[in-house]
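Student: Pasting data_26.cif below, which is mmCIF, C-alpha atoms.
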```cif
data_entry
#
loop_
_atom_site.group_PDB
_atom_site.id
_atom_site.type_symbol
_atom_site.label_atom_id
_atom_site.label_comp_id
_atom_site.auth_asym_id
_atom_site.auth_seq_id
_atom_site.Cartn_x
_atom_site.Cartn_y
_atom_site.Cartn_z
ATOM 1 C CA MET W 19 -5.020 -2.771 -18.342
ATOM 2 C CA MET W 20 -6.708 -4.074 -15.215
ATOM 3 C CA SER W 21 -8.801 -1.730 -13.101
ATOM 4 C CA ILE W 22 -7.910 -1.095 -9.469
ATOM 5 C CA ASP W 23 -10.914 -3.149 -8.378
ATOM 6 C CA GLU W 24 -9.719 -6.081 -10.529
ATOM 7 C CA ILE W 25 -6.210 -5.808 -9.109
ATOM 8 C CA MET W 26 -7.546 -5.720 -5.548
ATOM 9 C CA GLU W 27 -9.467 -8.945 -6.200
ATOM 10 C CA ARG W 28 -6.232 -10.799 -6.927
ATOM 11 C CA GLN W 29 -5.083 -13.189 -4.235
ATOM 12 C CA ASP W 30 -2.264 -14.872 -6.171
ATOM 13 C CA VAL W 31 0.185 -11.967 -5.848
ATOM 14 C CA PRO W 32 0.918 -9.288 -3.223
ATOM 15 C CA VAL W 33 -1.295 -6.224 -3.765
ATOM 16 C CA ILE W 34 -1.368 -2.888 -1.954
ATOM 17 C CA ALA W 35 -3.590 0.153 -2.532
ATOM 18 C CA GLY W 36 -3.458 3.786 -1.519
ATOM 19 C CA ASP W 37 -5.088 7.161 -1.813
ATOM 20 C CA GLU W 38 -4.050 10.509 -3.243
ATOM 21 C CA GLN W 39 -2.558 11.487 0.116
ATOM 22 C CA GLY W 40 -0.059 8.662 -0.232
ATOM 23 C CA ARG W 41 -1.678 6.658 2.571
ATOM 24 C CA ILE W 42 -2.080 2.892 2.409
ATOM 25 C CA THR W 43 -5.752 1.958 2.300
ATOM 26 C CA TRP W 44 -5.612 -1.780 1.635
ATOM 27 C CA ALA W 45 -3.279 -4.784 1.436
ATOM 28 C CA ASN W 46 -4.157 -8.361 0.595
ATOM 29 C CA ASP W 47 -3.109 -11.498 2.482
ATOM 30 C CA ALA W 48 -0.355 -12.223 -0.047
ATOM 31 C CA PHE W 49 1.242 -8.817 0.642
ATOM 32 C CA VAL W 50 1.107 -9.300 4.411
ATOM 33 C CA GLN W 51 2.640 -12.773 4.121
ATOM 34 C CA ALA W 52 5.334 -11.834 1.594
ATOM 35 C CA PHE W 53 6.647 -8.755 3.393
ATOM 36 C CA GLY W 54 5.833 -9.396 7.063
ATOM 37 C CA TRP W 55 3.708 -6.323 7.777
ATOM 38 C CA SER W 56 0.427 -6.546 9.659
ATOM 39 C CA ARG W 57 -2.626 -4.791 8.278
ATOM 40 C CA GLU W 58 -2.754 -2.678 11.432
ATOM 41 C CA GLU W 59 0.757 -1.361 10.729
ATOM 42 C CA LEU W 60 -0.069 -0.615 7.098
ATOM 43 C CA MET W 61 -3.540 0.930 7.170
ATOM 44 C CA GLY W 62 -3.257 4.715 7.097
ATOM 45 C CA ALA W 63 0.547 4.654 7.005
ATOM 46 C CA SER W 64 2.452 6.502 4.303
ATOM 47 C CA ILE W 65 3.269 4.304 1.327
ATOM 48 C CA ILE W 66 6.938 5.157 1.837
ATOM 49 C CA VAL W 67 6.983 2.756 4.808
ATOM 50 C CA ILE W 68 7.435 -0.078 2.291
ATOM 51 C CA MET W 69 10.250 1.736 0.442
ATOM 52 C CA PRO W 70 13.929 1.921 1.321
ATOM 53 C CA ALA W 71 14.810 5.350 2.792
ATOM 54 C CA TYR W 72 16.965 6.303 -0.202
ATOM 55 C CA MET W 73 13.840 6.180 -2.413
ATOM 56 C CA HIS W 74 11.616 8.447 -0.286
ATOM 57 C CA ASP W 75 12.580 11.774 -1.889
ATOM 58 C CA ALA W 76 12.299 10.471 -5.454
ATOM 59 C CA HIS W 77 8.901 8.945 -4.696
ATOM 60 C CA THR W 78 7.606 12.126 -3.050
ATOM 61 C CA LEU W 79 8.764 14.240 -5.992
ATOM 62 C CA GLY W 80 7.283 11.888 -8.608
ATOM 63 C CA PHE W 81 4.016 11.457 -6.707
ATOM 64 C CA SER W 82 3.610 15.238 -6.312
ATOM 65 C CA ARG W 83 4.367 15.749 -10.002
ATOM 66 C CA PHE W 84 1.766 13.135 -10.934
ATOM 67 C CA LEU W 85 -0.913 14.747 -8.750
ATOM 68 C CA ALA W 86 -0.171 18.161 -10.306
ATOM 69 C CA THR W 87 -0.069 16.995 -13.932
ATOM 70 C CA ALA W 88 -1.784 13.578 -14.098
ATOM 71 C CA ALA W 89 1.154 12.522 -16.262
ATOM 72 C CA GLY W 90 2.638 9.299 -14.950
ATOM 73 C CA ARG W 91 6.031 8.010 -16.008
ATOM 74 C CA VAL W 92 5.911 4.743 -14.088
ATOM 75 C CA LEU W 93 2.287 3.648 -14.361
ATOM 76 C CA ALA W 94 1.070 0.435 -16.009
ATOM 77 C CA GLN W 95 4.523 -0.952 -16.747
ATOM 78 C CA PRO W 96 6.582 -3.501 -14.833
ATOM 79 C CA LEU W 97 9.246 -1.853 -12.680
ATOM 80 C CA ALA W 98 12.104 -3.671 -10.954
ATOM 81 C CA LEU W 99 12.353 -1.864 -7.624
ATOM 82 C CA PRO W 100 13.252 -2.735 -4.064
ATOM 83 C CA VAL W 101 10.614 -3.186 -1.380
ATOM 84 C CA ARG W 102 11.212 -2.857 2.366
ATOM 85 C CA HIS W 103 10.050 -5.733 4.527
ATOM 86 C CA ARG W 104 8.732 -5.308 8.057
ATOM 87 C CA SER W 105 12.044 -6.680 9.347
ATOM 88 C CA GLY W 106 13.836 -3.728 7.715
ATOM 89 C CA HIS W 107 15.623 -5.668 4.995
ATOM 90 C CA GLU W 108 14.902 -4.981 1.369
ATOM 91 C CA SER W 109 14.521 -7.228 -1.629
ATOM 92 C CA GLN W 110 13.896 -6.784 -5.309
ATOM 93 C CA ALA W 111 10.368 -7.056 -6.644
ATOM 94 C CA THR W 112 8.425 -6.332 -9.796
ATOM 95 C CA HIS W 113 5.953 -3.503 -9.213
ATOM 96 C CA LEU W 114 3.011 -2.809 -11.508
ATOM 97 C CA ILE W 115 1.315 0.427 -10.431
ATOM 98 C CA VAL W 116 -2.037 1.682 -11.701
ATOM 99 C CA ALA W 117 -3.962 4.867 -11.001
ATOM 100 C CA GLU W 118 -7.621 5.750 -11.427
ATOM 101 C CA HIS W 119 -9.385 9.057 -11.058
ATOM 102 C CA ARG W 120 -12.878 8.451 -9.743
ATOM 103 C CA ALA W 121 -15.355 10.819 -8.079
ATOM 104 C CA GLY W 122 -12.787 13.611 -8.052
ATOM 105 C CA ARG W 123 -10.111 11.562 -6.276
ATOM 106 C CA TRP W 124 -7.085 9.517 -7.297
ATOM 107 C CA ARG W 125 -6.729 5.903 -6.203
ATOM 108 C CA PHE W 126 -3.659 3.763 -6.674
ATOM 109 C CA ALA W 127 -2.937 0.048 -6.503
ATOM 110 C CA ALA W 128 0.096 -2.062 -7.214
ATOM 111 C CA THR W 129 1.053 -5.660 -7.507
ATOM 112 C CA ILE W 130 4.462 -6.149 -5.895
ATOM 113 C CA VAL W 131 5.826 -9.547 -6.813
ATOM 114 C CA PRO W 132 9.054 -10.623 -5.083
ATOM 115 C CA ALA W 133 11.852 -11.450 -7.515
ATOM 116 C CA GLU W 134 12.486 -14.673 -5.607
ATOM 117 C CA PRO W 135 10.114 -16.442 -3.259
ATOM 118 C CA PRO W 136 11.369 -16.610 0.335
ATOM 119 C CA ALA W 137 13.451 -19.656 1.192
ATOM 120 C CA GLN W 138 11.473 -22.421 2.880
ATOM 121 C CA GLY W 139 13.391 -21.917 6.137
ATOM 122 C CA ALA W 140 12.552 -18.194 6.152
ATOM 123 C CA ALA W 141 8.878 -18.915 5.567
ATOM 124 C CA ASP W 142 8.876 -21.488 8.375
ATOM 125 C CA ALA W 143 10.591 -19.080 10.790
ATOM 126 C CA SER W 144 8.095 -16.344 9.913
ATOM 127 C CA ALA W 145 5.173 -18.687 10.511
ATOM 128 C CA GLN W 146 6.493 -19.583 13.960
ATOM 129 C CA ARG W 147 6.493 -15.952 15.151
#
```
Give the structure from this file in structure tokens form.

Tutor:
Amino acid sequence: MMSIDEIMERQDVPVIAGDEQGRITWANDAFVQAFGWSREELMGASIIVIMPAYMHDAHTLGFSRFLATAAGRVLAQPLALPVRHRSGHESQATHLIVAEHRAGRWRFAATIVPAEPPAQGAADASAQR
């Protein structure tokens, strides 16, 4: 399994990282480009900003359970889940989430690979904004 630092070095896939408070601490260029968020919008925001609203409660419950028990049900395995784009629409993506406990704190990172790359026209329209 890759370490969080190794995952954060990746530039070939969208990567996002967060802390044990559920705040986003980092996103790579591929994440920003794939999902339309700016780094300014992401940094310090709750990770649920990139999730559809109907997933917020389940995420909060699972995240709290993990912090209390350190037993993860979804870590280090590919998960087909939706991701919310800056525009508000959602799409399917493969998430691979890892956690590390270092210096008394939990850190998290995930690759979030879109199921289908955006259509060329969508990428062109996004670049023009």

Student: Compare W:Ser56, W:Tyr72, W:Arg123, W:Ile115 by their minimum atom-to-atom distance to Gly90 (chain W), counting all atoms listed in the file, and give me the closest one.

Tutor: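 Closest residue, counting all atoms listed in the file: W:Ile115.
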
Student: Since I can't run it myself right now, could you work out what the PyMOL selection byres ((chain W and resi 63) around 9) selects here and report it as a PyMOL selection string?

Tutor: chain W and resi 40-43+59-62+64-67

Student: Given the choices W:Asp37, W:Glu24, W:Glu58, W:Asp47, which gets closest to Leu85 (chain W) if the distance is worked out from all atoms listed in the file?

Tutor: W:Asp37

Student: Which residues, written as a PyMOL selection string, have at least one atom at most 7 Å from Val101 (chain W), with only C-alpha atoms counted and residues fewer than 3 positions away on the same chain left out?

Tutor: chain W and resi 68-70+108-111

Student: Which residue, W:Met19, W:Ala35, W:Ala94, W:Leu79, has the smallest gap to Trp124 (chain W) when you use all atoms listed in the file?

Tutor: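 Checking each candidate against Trp124 (chain W), we get W:Ala35 as the closest.
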
Student: Work out how far apart CA of Gly36 (chain W) and CA of Gly80 (chain W) are and give it in Å to one decimal.

Tutor: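 Going from CA of Gly36 (chain W) over to CA of Gly80 (chain W), I get 15.2 Å.
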
Student: Between W:Arg83, W:His119, W:Arg28, W:His77, which one has atoms that come closest to Leu99 (chain W), using only C-alpha atoms?

Tutor: W:His77

Student: Which of these residues is nearest to Ala86 (chain W), using all atoms listed in the file: W:Pro100, W:Glu38, W:Val31, W:Ala127?

Tutor: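 Result for the nearest residue to Ala86 (chain W): W:Glu38.
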
Student: Out of W:Met73, W:Ile22, W:Ala89, W:Ile34, which residue has the shortest atom-to-atom distance to Trp55 (chain W) when counting all atoms listed in the file?

Tutor: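 Closest candidate: W:Ile34.
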